[in-house]
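K.L.:
Just one file: input_38.cif, with mmCIF, C-alpha atoms.
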data_start
loop_
_atom_site.label_atom_id
_atom_site.label_comp_id
_atom_site.auth_asym_id
_atom_site.auth_seq_id
_atom_site.Cartn_x
_atom_site.Cartn_y
_atom_site.Cartn_z
CA LEU A 4 -57.41 127.46 -119.98
CA THR A 5 -54.17 125.51 -119.58
CA ALA A 6 -54.32 124.48 -123.23
CA ALA A 7 -55.05 128.06 -124.28
CA PHE A 8 -52.20 129.39 -122.17
CA ILE A 9 -49.58 126.98 -123.44
CA GLY A 10 -50.75 127.33 -127.00
CA GLY A 11 -51.10 124.74 -129.70
CA LEU A 12 -54.01 124.27 -132.05
CA GLN A 13 -56.75 121.80 -131.26
CA ALA A 14 -56.83 118.94 -133.75
CA PHE A 15 -60.61 118.67 -133.76
CA ALA A 16 -63.73 120.79 -133.44
CA GLN A 17 -64.45 121.97 -129.91
CA PRO A 18 -67.96 121.87 -128.40
CA LYS A 19 -69.75 125.21 -128.09
CA PHE A 20 -69.86 126.38 -124.47
CA GLU A 21 -73.25 128.09 -124.80
CA LYS A 22 -74.89 124.92 -126.15
CA TYR A 23 -74.01 122.71 -123.21
CA PHE A 24 -73.08 124.91 -120.24
CA GLU A 25 -74.10 127.84 -118.07
CA ASP A 26 -71.63 130.48 -116.88
CA LYS A 27 -71.15 129.04 -113.38
CA SER A 28 -69.52 125.93 -111.90
CA LEU A 29 -70.47 122.46 -110.79
CA ARG A 30 -68.04 121.40 -108.08
CA ILE A 31 -67.61 117.66 -107.67
CA ASP A 32 -66.19 116.57 -104.33
CA TYR A 33 -65.26 112.91 -104.45
CA VAL A 34 -63.55 110.32 -102.27
CA GLN A 35 -60.59 108.52 -103.76
CA SER A 36 -59.68 105.22 -102.10
CA GLY A 37 -56.95 102.69 -102.75
CA ASN A 38 -53.40 101.50 -102.30
CA SER A 39 -50.34 100.85 -104.43
CA GLN A 40 -52.21 98.19 -106.41
CA THR A 41 -55.66 99.65 -107.02
CA GLN A 42 -57.82 102.75 -106.64
CA THR A 43 -61.50 103.67 -106.88
CA ALA A 44 -63.62 106.82 -106.53
CA VAL A 45 -67.12 107.72 -105.32
CA ILE A 46 -68.89 111.09 -105.42
CA TYR A 47 -69.17 112.69 -101.98
CA GLU A 48 -71.03 115.93 -102.75
CA LEU A 49 -72.09 118.18 -105.63
CA ARG A 50 -72.14 121.98 -105.37
CA GLU A 51 -73.39 124.74 -107.63
CA GLU A 52 -71.03 127.73 -107.44
CA PRO A 53 -71.53 131.21 -108.95
CA VAL A 54 -68.34 131.66 -110.97
CA TYR A 55 -66.58 129.67 -113.69
CA GLY A 56 -62.95 130.53 -114.33
CA GLY A 57 -62.01 127.94 -116.93
CA PRO A 58 -61.92 128.00 -120.73
CA LYS A 59 -64.97 128.56 -122.91
CA LYS A 60 -63.26 127.81 -126.23
CA ASN A 61 -60.91 124.88 -125.58
CA LEU A 62 -63.23 122.62 -123.58
CA ILE A 63 -61.50 119.36 -124.56
CA ASP A 64 -58.07 118.76 -123.06
CA ASP A 65 -56.08 116.80 -125.65
CA LEU A 66 -52.62 117.25 -124.06
CA GLY A 67 -52.69 113.85 -122.32
CA ARG A 68 -50.94 115.14 -119.21
CA GLY A 69 -51.57 114.40 -115.55
CA GLY A 70 -52.23 111.29 -113.52
CA TYR A 71 -55.99 111.61 -114.00
CA ILE A 72 -58.45 112.81 -116.60
CA LEU A 73 -62.07 113.76 -116.07
CA LYS A 74 -64.34 113.35 -119.09
CA VAL A 75 -67.85 114.80 -119.31
CA TYR A 76 -70.36 113.47 -121.84
CA ASP A 77 -73.71 114.89 -122.86
CA LYS A 78 -76.18 112.21 -121.71
CA LYS A 79 -78.58 112.61 -124.65
CA SER A 80 -76.10 112.62 -127.56
CA GLY A 81 -73.16 110.81 -125.98
CA GLU A 82 -70.83 113.59 -127.18
CA LEU A 83 -67.69 114.38 -125.21
CA ILE A 84 -68.29 118.01 -124.19
CA TYR A 85 -65.54 118.63 -121.62
CA SER A 86 -62.34 117.01 -120.36
CA LYS A 87 -59.56 117.97 -118.01
CA GLY A 88 -56.27 116.32 -117.04
CA TYR A 89 -55.06 116.85 -113.48
CA CYS A 90 -52.96 115.50 -110.61
CA THR A 91 -53.69 114.84 -106.92
CA LEU A 92 -51.70 114.42 -103.73
CA PHE A 93 -53.31 110.99 -103.38
CA GLU A 94 -51.56 109.97 -106.59
CA GLU A 95 -48.24 110.77 -104.93
CA TRP A 96 -49.19 108.89 -101.77
CA LEU A 97 -49.76 105.78 -103.91
CA THR A 98 -46.00 105.69 -104.59
CA THR A 99 -45.04 105.58 -100.88
CA GLU A 100 -44.10 102.55 -98.79
CA GLU A 101 -47.19 103.21 -96.68
CA ALA A 102 -49.42 102.59 -99.71
CA LYS A 103 -47.93 99.11 -100.01
CA ARG A 104 -49.18 98.28 -96.50
CA GLU A 105 -52.40 100.28 -96.15
CA THR A 106 -55.56 101.27 -97.97
CA GLN A 107 -56.64 104.87 -97.44
CA ALA A 108 -59.44 107.20 -98.60
CA TRP A 109 -58.83 110.90 -99.40
CA LEU A 110 -61.25 113.67 -100.30
CA ASN A 111 -60.58 115.45 -103.61
CA SER A 112 -62.42 118.09 -105.60
CA ILE A 113 -62.71 119.27 -109.19
CA SER A 114 -64.88 121.92 -110.87
CA ILE A 115 -66.45 121.89 -114.32
CA PRO A 116 -68.70 124.35 -116.15
CA TYR A 117 -72.31 123.93 -115.03
CA PRO A 118 -74.19 121.67 -117.47
CA LYS A 119 -77.60 122.63 -118.86
CA ASP A 120 -78.77 119.02 -119.17
CA ASN A 121 -77.92 115.60 -117.75
CA ILE A 122 -74.29 114.52 -118.13
CA ILE A 123 -72.15 111.45 -117.61
CA VAL A 124 -68.94 112.09 -115.66
CA GLU A 125 -66.06 109.65 -116.05
CA PHE A 126 -63.04 109.70 -113.75
CA ASN A 127 -59.98 107.96 -115.22
CA ALA A 128 -56.66 107.12 -113.53
CA ARG A 129 -53.34 106.54 -115.27
CA ASP A 130 -51.48 103.30 -114.64
CA ARG A 131 -47.89 104.24 -113.83
CA LYS A 132 -46.53 101.09 -115.45
CA THR A 133 -48.44 101.11 -118.74
CA MET A 134 -49.22 104.88 -118.77
CA GLU A 135 -52.72 103.97 -119.96
CA PHE A 136 -55.93 105.32 -118.39
CA SER A 137 -58.63 103.16 -116.80
CA THR A 138 -62.02 104.23 -115.44
CA MET A 139 -62.45 104.63 -111.67
CA LEU A 140 -65.99 106.02 -111.74
CA ARG A 141 -68.69 106.64 -114.34
CA GLN A 142 -71.92 108.25 -113.15
CA GLU A 143 -74.86 110.30 -114.41
CA ILE A 144 -75.48 113.75 -112.93
CA ASP A 145 -78.75 115.68 -113.19
CA PRO A 146 -77.94 119.41 -112.88
CA LYS A 147 -81.52 120.09 -111.75
CA SER A 148 -81.30 117.65 -108.83
CA ILE A 149 -82.58 118.98 -105.51
CA PHE A 150 -79.63 117.26 -103.81
CA ILE A 151 -77.01 119.58 -105.32
CA ASP A 152 -75.79 121.97 -102.61
CA ARG A 153 -76.67 125.55 -103.59
CA ARG A 154 -75.89 127.24 -100.27
CA LYS A 155 -74.10 130.57 -100.17
CA LEU A 156 -70.93 129.96 -98.16
CA PHE A 157 -68.98 132.41 -96.00
CA GLU A 158 -67.53 135.21 -98.10
CA ASN A 159 -63.89 135.69 -97.19
CA PRO A 160 -62.30 139.09 -97.91
CA VAL A 161 -60.99 139.15 -101.50
CA VAL A 162 -58.34 141.47 -102.94
CA LYS A 163 -57.58 141.43 -106.67
CA LEU A 164 -53.84 141.99 -106.95
CA LEU A 165 -53.66 141.86 -110.75
CA ASP A 166 -56.45 142.29 -113.29
CA ASN A 167 -55.76 141.50 -116.93
CA GLY A 168 -59.27 140.73 -118.11
CA GLY A 169 -61.87 137.96 -118.28
CA SER A 170 -61.13 134.66 -116.58
CA ALA A 171 -61.97 132.57 -119.66
CA GLU A 172 -58.87 133.96 -121.40
CA LYS A 173 -56.53 134.25 -118.39
CA VAL A 174 -54.85 132.10 -115.75
CA ASP A 175 -56.49 132.95 -112.41
CA MET A 176 -53.99 132.46 -109.58
CA VAL A 177 -55.35 132.59 -106.03
CA PHE A 178 -53.42 133.02 -102.77
CA LEU A 179 -55.06 131.76 -99.56
CA ALA A 180 -54.13 133.21 -96.16
CA GLU A 181 -53.10 130.01 -94.37
CA GLY A 182 -51.50 130.54 -90.96
CA TYR A 183 -52.41 134.23 -90.78
CA THR A 184 -54.54 135.41 -87.84
CA ALA A 185 -57.15 138.17 -88.04
CA ASP A 186 -54.49 140.73 -87.02
CA GLU A 187 -52.14 139.51 -89.78
CA GLN A 188 -54.41 139.91 -92.81
CA ASP A 189 -52.69 143.06 -94.08
CA LYS A 190 -49.37 141.23 -93.85
CA PHE A 191 -50.86 138.37 -95.87
CA VAL A 192 -51.86 140.70 -98.71
CA GLU A 193 -48.37 142.25 -98.68
CA ASP A 194 -46.73 138.81 -98.72
CA ALA A 195 -48.97 137.62 -101.57
CA LYS A 196 -48.09 140.70 -103.60
CA LYS A 197 -44.36 140.16 -102.99
CA PHE A 198 -44.63 136.55 -104.18
CA MET A 199 -46.65 137.60 -107.23
CA ASP A 200 -44.12 140.29 -108.18
CA ALA A 201 -41.19 137.88 -107.75
CA MET A 202 -42.87 135.13 -109.77
CA LEU A 203 -43.94 137.41 -112.61
CA ALA A 204 -40.44 138.87 -112.80
CA THR A 205 -38.99 135.41 -113.39
CA ALA A 206 -38.81 133.60 -116.75
CA PRO A 207 -40.97 132.32 -118.35
CA PHE A 208 -43.67 134.16 -116.39
CA ASP A 209 -42.16 137.61 -117.02
CA SER A 210 -43.12 137.40 -120.70
CA ARG A 211 -46.61 136.16 -119.79
CA ARG A 212 -47.57 138.68 -117.09
CA ASP A 213 -50.55 139.89 -119.12
CA ASP A 214 -51.98 136.35 -119.15
CA PHE A 215 -52.55 136.27 -115.38
CA ASN A 216 -55.17 137.48 -112.94
CA VAL A 217 -54.10 137.26 -109.29
CA TRP A 218 -56.36 137.19 -106.22
CA ALA A 219 -55.73 137.18 -102.46
CA VAL A 220 -58.38 135.49 -100.28
CA GLY A 221 -58.21 136.28 -96.56
CA THR A 222 -58.97 133.10 -94.64
CA ILE A 223 -58.39 133.59 -90.89
CA SER A 224 -56.44 131.17 -88.67
CA GLN A 225 -56.75 130.99 -84.90
CA GLU A 226 -52.99 130.63 -84.55
CA SER A 227 -50.13 131.99 -86.61
CA GLY A 228 -47.82 129.69 -88.56
CA THR A 229 -48.24 126.06 -89.56
CA SER A 230 -47.92 122.62 -88.02
CA SER A 231 -44.74 120.54 -88.07
CA CYS A 232 -45.55 117.13 -86.61
CA GLY A 233 -41.96 115.96 -86.95
CA THR A 234 -40.82 118.62 -84.48
CA GLY A 235 -43.89 118.50 -82.24
CA VAL A 236 -45.38 121.82 -83.42
CA TYR A 237 -49.15 121.97 -83.94
CA ARG A 238 -51.13 125.05 -84.99
CA ASN A 239 -54.88 125.66 -85.26
CA THR A 240 -55.05 127.07 -88.79
CA ALA A 241 -57.80 127.66 -91.33
CA LEU A 242 -56.71 124.96 -93.78
CA GLY A 243 -54.82 122.47 -91.61
CA THR A 244 -51.47 122.64 -93.38
CA GLY A 245 -48.34 120.99 -92.06
CA TYR A 246 -44.77 120.04 -92.88
CA TYR A 247 -43.56 116.42 -92.95
CA THR A 248 -45.91 115.30 -95.73
CA PHE A 249 -45.00 111.65 -96.38
CA GLY A 250 -42.27 112.12 -93.73
CA THR A 251 -40.38 114.82 -95.67
CA ASP A 252 -39.51 117.68 -93.34
CA ARG A 253 -39.74 120.48 -95.93
CA TYR A 254 -42.88 119.23 -97.68
CA LEU A 255 -45.80 121.50 -96.73
CA THR A 256 -49.31 120.40 -97.83
CA THR A 257 -52.83 119.86 -96.50
CA PRO A 258 -55.23 116.96 -97.03
CA ASP A 259 -58.16 119.32 -96.39
CA ILE A 260 -59.17 119.98 -100.01
CA LYS A 261 -62.83 120.63 -99.16
CA ASP A 262 -62.03 123.58 -96.88
CA ILE A 263 -59.76 125.01 -99.60
CA ARG A 264 -62.52 124.78 -102.18
CA ASP A 265 -65.06 126.23 -99.74
CA ALA A 266 -62.78 129.20 -99.14
CA VAL A 267 -62.61 130.10 -102.86
CA TRP A 268 -66.20 129.19 -103.80
CA ASN A 269 -66.89 132.67 -105.23
CA VAL A 270 -63.48 133.32 -106.84
CA PRO A 271 -62.35 132.05 -110.26
CA CYS A 272 -59.23 129.93 -109.84
CA ASP A 273 -56.89 127.86 -112.01
CA ALA A 274 -54.10 127.59 -109.43
CA ILE A 275 -54.31 127.93 -105.63
CA PHE A 276 -51.34 128.79 -103.41
#
Would you kindly transcribe this structure into C-alpha cells?
P.N.:
Amino acid sequence: LTAAFIGGLQAFAQPKFEKYFEDKSLRIDYVQSGNSQTQTAVIYELREEPVYGGPKKNLIDDLGRGGYILKVYDKKSGELIYSKGYCTLFEEWLTTEEAKRETQAWLNSISIPYPKDNIIVEFNARDRKTMEFSTMLRQEIDPKSIFIDRRKLFENPVVKLLDNGGSAEKVDMVFLAEGYTADEQDKFVEDAKKFMDAMLATAPFDSRRDDFNVWAVGTISQESGTSSCGTGVYRNTALGTGYYTFGTDRYLTTPDIKDIRDAVWNVPCDAIF
C-alpha cells in the first residue's frame, strides 16, 4: 500500500494476490536479538487474523527503503510473492552506547497476507556501513499448521473516524487509546479526531485526504497518563508507554509490540498511533 500511495510504476510483473493468498493476515511475532555488531531473529509465534489491510496489487516492495526487508517465497515454485521494507525501534537501539556494551532481545511483529500454501519467509537486515542487506532468518511456514494461533482475541471498541473505501487501496491509520481510563474513552475519540483533522489539514496530507481511512481503538488503561521514569512517574497503562526512551526525556515509545498488535487484531492498519 505504501508503494501504491506514493506512486511510481512497478518495473516488473507483480504476483496475483488470488493465486497465492487468502483475504486475511498471517501475523509473525519474532524475537530480534543482538548488539551494535550483530543481530539475529527467531520466530516467537504465528497468528491467523481475520483482516488484511495491505495491498493486493503491488505485493513486491521495490523501493529499497527501511532498515529491514521481509521477503516471502512460494515454497513450491521458489517465486518471490511478497516483500515489505520496514523499520523497528530495535534498529535505533543498535546505534546507542548501550548496544556497544550489551546484547538484548526485543519482540517485534509484522503481518503479511495469509498464504494458501507453504512459504519461505526471509528476514533481512541492512548493514548501516555498507547499506547492503543480509539474512537474519530464513524459515518455512505451513499455513495449515495446527500450531498457528487462531484464537479470537478481546474485541476493543472501534470507531471509524474516516471512511474512504476498501483498505487495499487506502492507507489505514489507527489510533490506540493509551493512557485513557474507562471513563476517558469519549475524550480519547475526541482527541483522535482532533489529531486526524489537524494532520489532514496539513500539507502534503491535505491533498491526500481521500487516500486515508482512520480508526480509533479504545484500549482501556487502569491509570490515566503515561510513565516517565526519568522523573519517577509510573502509570499502569494498557500498552506500557513511557518517556525517556534511550534516555531522551521527550521520546515516548513502548517496547510492548505484542500487546499493540493484539489490540488491533481485527482492524486493518498501515500505521498505528
K.L.:
What do you get, as a PDB file with C-alpha atoms, keeping the file's coordinate frame, if you spell out every residue that the PyMOL selection byres ((chain A and resi 267) around 10) selects here?
P.N.:
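As a result, result-v3.pdb now contains:
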ATOM      1  CA  GLU A  52     -71.030 127.730-107.440  1.00  0.00           C
ATOM      2  CA  LEU A 156     -70.930 129.960 -98.160  1.00  0.00           C
ATOM      3  CA  PHE A 157     -68.980 132.410 -96.000  1.00  0.00           C
ATOM      4  CA  GLU A 158     -67.530 135.210 -98.100  1.00  0.00           C
ATOM      5  CA  ASN A 159     -63.890 135.690 -97.190  1.00  0.00           C
ATOM      6  CA  VAL A 161     -60.990 139.150-101.500  1.00  0.00           C
ATOM      7  CA  VAL A 177     -55.350 132.590-106.030  1.00  0.00           C
ATOM      8  CA  PHE A 178     -53.420 133.020-102.770  1.00  0.00           C
ATOM      9  CA  LEU A 179     -55.060 131.760 -99.560  1.00  0.00           C
ATOM     10  CA  ALA A 219     -55.730 137.180-102.460  1.00  0.00           C
ATOM     11  CA  VAL A 220     -58.380 135.490-100.280  1.00  0.00           C
ATOM     12  CA  GLY A 221     -58.210 136.280 -96.560  1.00  0.00           C
ATOM     13  CA  THR A 222     -58.970 133.100 -94.640  1.00  0.00           C
ATOM     14  CA  ASP A 262     -62.030 123.580 -96.880  1.00  0.00           C
ATOM     15  CA  ILE A 263     -59.760 125.010 -99.600  1.00  0.00           C
ATOM     16  CA  ARG A 264     -62.520 124.780-102.180  1.00  0.00           C
ATOM     17  CA  ASP A 265     -65.060 126.230 -99.740  1.00  0.00           C
ATOM     18  CA  ALA A 266     -62.780 129.200 -99.140  1.00  0.00           C
ATOM     19  CA  TRP A 268     -66.200 129.190-103.800  1.00  0.00           C
ATOM     20  CA  ASN A 269     -66.890 132.670-105.230  1.00  0.00           C
ATOM     21  CA  VAL A 270     -63.480 133.320-106.840  1.00  0.00           C
ATOM     22  CA  PRO A 271     -62.350 132.050-110.260  1.00  0.00           C
ATOM     23  CA  CYS A 272     -59.230 129.930-109.840  1.00  0.00           C
ATOM     24  CA  ILE A 275     -54.310 127.930-105.630  1.00  0.00           C
TER      25      ILE A 275
END
K.L.:
I'd like the residues picked by the PyMOL selection byres ((chain A and resi 248-260) around 10) written out as an MDAnalysis selection string, using the chain letters and numbers from the file.
P.N.:
chainID A and resid 32 92:93 95:96 99:101 109:113 229:234 241:247 261:266
K.L.:
Selected by the PyMOL selection byres ((chain A and resi 67) around 12) in the shown coordinates: which residues, as an mmCIF file with C-alpha atoms, keeping the file's coordinate frame?
P.N.:
data_model
loop_
_atom_site.group_PDB
_atom_site.id
_atom_site.type_symbol
_atom_site.label_atom_id
_atom_site.label_comp_id
_atom_site.auth_asym_id
_atom_site.auth_seq_id
_atom_site.Cartn_x
_atom_site.Cartn_y
_atom_site.Cartn_z
ATOM 1 C CA ALA A 6 -54.320 124.480 -123.230
ATOM 2 C CA ILE A 63 -61.500 119.360 -124.560
ATOM 3 C CA ASP A 64 -58.070 118.760 -123.060
ATOM 4 C CA ASP A 65 -56.080 116.800 -125.650
ATOM 5 C CA LEU A 66 -52.620 117.250 -124.060
ATOM 6 C CA ARG A 68 -50.940 115.140 -119.210
ATOM 7 C CA GLY A 69 -51.570 114.400 -115.550
ATOM 8 C CA GLY A 70 -52.230 111.290 -113.520
ATOM 9 C CA TYR A 71 -55.990 111.610 -114.000
ATOM 10 C CA ILE A 72 -58.450 112.810 -116.600
ATOM 11 C CA LEU A 73 -62.070 113.760 -116.070
ATOM 12 C CA SER A 86 -62.340 117.010 -120.360
ATOM 13 C CA LYS A 87 -59.560 117.970 -118.010
ATOM 14 C CA GLY A 88 -56.270 116.320 -117.040
ATOM 15 C CA TYR A 89 -55.060 116.850 -113.480
ATOM 16 C CA CYS A 90 -52.960 115.500 -110.610
ATOM 17 C CA ASN A 127 -59.980 107.960 -115.220
ATOM 18 C CA ALA A 128 -56.660 107.120 -113.530
ATOM 19 C CA ARG A 129 -53.340 106.540 -115.270
ATOM 20 C CA MET A 134 -49.220 104.880 -118.770
ATOM 21 C CA GLU A 135 -52.720 103.970 -119.960
ATOM 22 C CA PHE A 136 -55.930 105.320 -118.390
#
K.L.:
Using only C-alpha atoms, find the one residue out of A:Arg30, A:Lys78, A:Lys190, A:Lys132 that sits nearest to Pro116 in chain A.
P.N.:
A:Arg30
K.L.:
So which residues are close to (-74.6, 115.8, -123.3), meaning at most 12 Å away in the file's coordinates with all atoms listed in the file counted, and can you show them as a compact mmCIF listing (two decimals) with C-alpha atoms, in the coordinates of the input?
P.N.:
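Result saved to out.txt:
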# COMPACT_ATOMS: atom_id res chain seq x y z
CA PRO A 18 -67.96 121.87 -128.40
CA LYS A 19 -69.75 125.21 -128.09
CA PHE A 20 -69.86 126.38 -124.47
CA LYS A 22 -74.89 124.92 -126.15
CA TYR A 23 -74.01 122.71 -123.21
CA PHE A 24 -73.08 124.91 -120.24
CA LYS A 74 -64.34 113.35 -119.09
CA VAL A 75 -67.85 114.80 -119.31
CA TYR A 76 -70.36 113.47 -121.84
CA ASP A 77 -73.71 114.89 -122.86
CA LYS A 78 -76.18 112.21 -121.71
CA LYS A 79 -78.58 112.61 -124.65
CA SER A 80 -76.10 112.62 -127.56
CA GLY A 81 -73.16 110.81 -125.98
CA GLU A 82 -70.83 113.59 -127.18
CA LEU A 83 -67.69 114.38 -125.21
CA ILE A 84 -68.29 118.01 -124.19
CA TYR A 85 -65.54 118.63 -121.62
CA TYR A 117 -72.31 123.93 -115.03
CA PRO A 118 -74.19 121.67 -117.47
CA LYS A 119 -77.60 122.63 -118.86
CA ASP A 120 -78.77 119.02 -119.17
CA ASN A 121 -77.92 115.60 -117.75
CA ILE A 122 -74.29 114.52 -118.13
CA ILE A 123 -72.15 111.45 -117.61
CA VAL A 124 -68.94 112.09 -115.66
CA GLU A 143 -74.86 110.30 -114.41
CA ILE A 144 -75.48 113.75 -112.93
CA ASP A 145 -78.75 115.68 -113.19
CA PRO A 146 -77.94 119.41 -112.88
K.L.:
Please tell me which residues are no farther than 9 Å from (-74.6, 123.0, -101.2) in the file, counting all atoms listed in the file, and write them as a PyMOL selection string.
P.N.:
chain A and resi 48-52+150-156
K.L.:
Mind writing the picked residues with C-alpha atoms as an mmCIF file, in the coordinates of the input?
P.N.:
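Output (part-v4.cif):
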data_model
loop_
_atom_site.group_PDB
_atom_site.id
_atom_site.type_symbol
_atom_site.label_atom_id
_atom_site.label_comp_id
_atom_site.auth_asym_id
_atom_site.auth_seq_id
_atom_site.Cartn_x
_atom_site.Cartn_y
_atom_site.Cartn_z
ATOM 1 C CA GLU A 48 -71.030 115.930 -102.750
ATOM 2 C CA LEU A 49 -72.090 118.180 -105.630
ATOM 3 C CA ARG A 50 -72.140 121.980 -105.370
ATOM 4 C CA GLU A 51 -73.390 124.740 -107.630
ATOM 5 C CA GLU A 52 -71.030 127.730 -107.440
ATOM 6 C CA PHE A 150 -79.630 117.260 -103.810
ATOM 7 C CA ILE A 151 -77.010 119.580 -105.320
ATOM 8 C CA ASP A 152 -75.790 121.970 -102.610
ATOM 9 C CA ARG A 153 -76.670 125.550 -103.590
ATOM 10 C CA ARG A 154 -75.890 127.240 -100.270
ATOM 11 C CA LYS A 155 -74.100 130.570 -100.170
ATOM 12 C CA LEU A 156 -70.930 129.960 -98.160
#
K.L.:
I'd like the interatomic distance between CA of Asn61 in chain A and CA of Asp209 in chain A, to a tenth of an Å.
P.N.:
24.2 Å
K.L.:
To one decimal place, how far is CA of Arg141 in chain A from CA of Ile115 in chain A in Å?
P.N.:
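Between CA of Arg141 in chain A and CA of Ile115 in chain A the gap is 15.4 Å.
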K.L.:
I need the residue nearest Ile31 in chain A from this list: A:Ser224, A:Thr205, A:Tyr47, A:Val162. Use only C-alpha atoms for the distance.
P.N.:
A:Tyr47
K.L.:
So which one's closest to Leu165 in chain A, A:Lys196, A:Lys27, A:Lys59, A:Lys103? Using only C-alpha atoms, please.
P.N.:
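Selected residue with least distance to Leu165 in chain A: A:Lys196.
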K.L.:
Just how far from CA of Val54 in chain A is CA of Gln35 in chain A, in Å to one decimal?
P.N.:
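Separation of CA of Gln35 in chain A and CA of Val54 in chain A: 25.4 Å.
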K.L.:
Please return range 179-194 of chain A, rebuilt to N, CA and C atoms, as a PDB file, keeping the file's coordinate frame.
P.N.:
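As a result, result_29.pdb now contains:
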ATOM      1  N   LEU A 179     -54.241 131.922-100.752  1.00  0.00           N
ATOM      2  CA  LEU A 179     -55.060 131.760 -99.560  1.00  0.00           C
ATOM      3  C   LEU A 179     -54.227 132.071 -98.319  1.00  0.00           C
ATOM      4  N   ALA A 180     -54.850 132.762 -97.359  1.00  0.00           N
ATOM      5  CA  ALA A 180     -54.130 133.210 -96.160  1.00  0.00           C
ATOM      6  C   ALA A 180     -54.067 132.098 -95.120  1.00  0.00           C
ATOM      7  N   GLU A 181     -53.252 131.105 -95.332  1.00  0.00           N
ATOM      8  CA  GLU A 181     -53.100 130.010 -94.370  1.00  0.00           C
ATOM      9  C   GLU A 181     -52.048 130.369 -93.321  1.00  0.00           C
ATOM     10  N   GLY A 182     -52.437 130.245 -92.044  1.00  0.00           N
ATOM     11  CA  GLY A 182     -51.500 130.540 -90.960  1.00  0.00           C
ATOM     12  C   GLY A 182     -51.398 132.020 -90.628  1.00  0.00           C
ATOM     13  N   TYR A 183     -52.344 132.802 -91.110  1.00  0.00           N
ATOM     14  CA  TYR A 183     -52.410 134.230 -90.780  1.00  0.00           C
ATOM     15  C   TYR A 183     -53.632 134.477 -89.902  1.00  0.00           C
ATOM     16  N   THR A 184     -53.437 135.093 -88.737  1.00  0.00           N
ATOM     17  CA  THR A 184     -54.540 135.410 -87.840  1.00  0.00           C
ATOM     18  C   THR A 184     -55.290 136.641 -88.355  1.00  0.00           C
ATOM     19  N   ALA A 185     -56.363 137.006 -87.633  1.00  0.00           N
ATOM     20  CA  ALA A 185     -57.150 138.170 -88.040  1.00  0.00           C
ATOM     21  C   ALA A 185     -56.306 139.438 -88.041  1.00  0.00           C
ATOM     22  N   ASP A 186     -55.350 139.542 -87.106  1.00  0.00           N
ATOM     23  CA  ASP A 186     -54.490 140.730 -87.020  1.00  0.00           C
ATOM     24  C   ASP A 186     -53.386 140.725 -88.082  1.00  0.00           C
ATOM     25  N   GLU A 187     -53.234 139.625 -88.807  1.00  0.00           N
ATOM     26  CA  GLU A 187     -52.140 139.510 -89.780  1.00  0.00           C
ATOM     27  C   GLU A 187     -52.627 139.542 -91.237  1.00  0.00           C
ATOM     28  N   GLN A 188     -53.865 139.935 -91.459  1.00  0.00           N
ATOM     29  CA  GLN A 188     -54.410 139.910 -92.810  1.00  0.00           C
ATOM     30  C   GLN A 188     -53.748 140.918 -93.754  1.00  0.00           C
ATOM     31  N   ASP A 189     -53.406 142.085 -93.240  1.00  0.00           N
ATOM     32  CA  ASP A 189     -52.690 143.060 -94.080  1.00  0.00           C
ATOM     33  C   ASP A 189     -51.323 142.524 -94.481  1.00  0.00           C
ATOM     34  N   LYS A 190     -50.674 141.839 -93.549  1.00  0.00           N
ATOM     35  CA  LYS A 190     -49.370 141.230 -93.850  1.00  0.00           C
ATOM     36  C   LYS A 190     -49.523 140.156 -94.921  1.00  0.00           C
ATOM     37  N   PHE A 191     -50.603 139.396 -94.841  1.00  0.00           N
ATOM     38  CA  PHE A 191     -50.860 138.370 -95.870  1.00  0.00           C
ATOM     39  C   PHE A 191     -50.943 138.992 -97.260  1.00  0.00           C
ATOM     40  N   VAL A 192     -51.705 140.056 -97.404  1.00  0.00           N
ATOM     41  CA  VAL A 192     -51.860 140.700 -98.710  1.00  0.00           C
ATOM     42  C   VAL A 192     -50.501 141.210 -99.206  1.00  0.00           C
ATOM     43  N   GLU A 193     -49.714 141.778 -98.302  1.00  0.00           N
ATOM     44  CA  GLU A 193     -48.370 142.250 -98.680  1.00  0.00           C
ATOM     45  C   GLU A 193     -47.494 141.087 -99.115  1.00  0.00           C
ATOM     46  N   ASP A 194     -47.537 139.984 -98.373  1.00  0.00           N
ATOM     47  CA  ASP A 194     -46.730 138.810 -98.720  1.00  0.00           C
ATOM     48  C   ASP A 194     -47.155 138.216-100.062  1.00  0.00           C
TER      49      ASP A 194
END
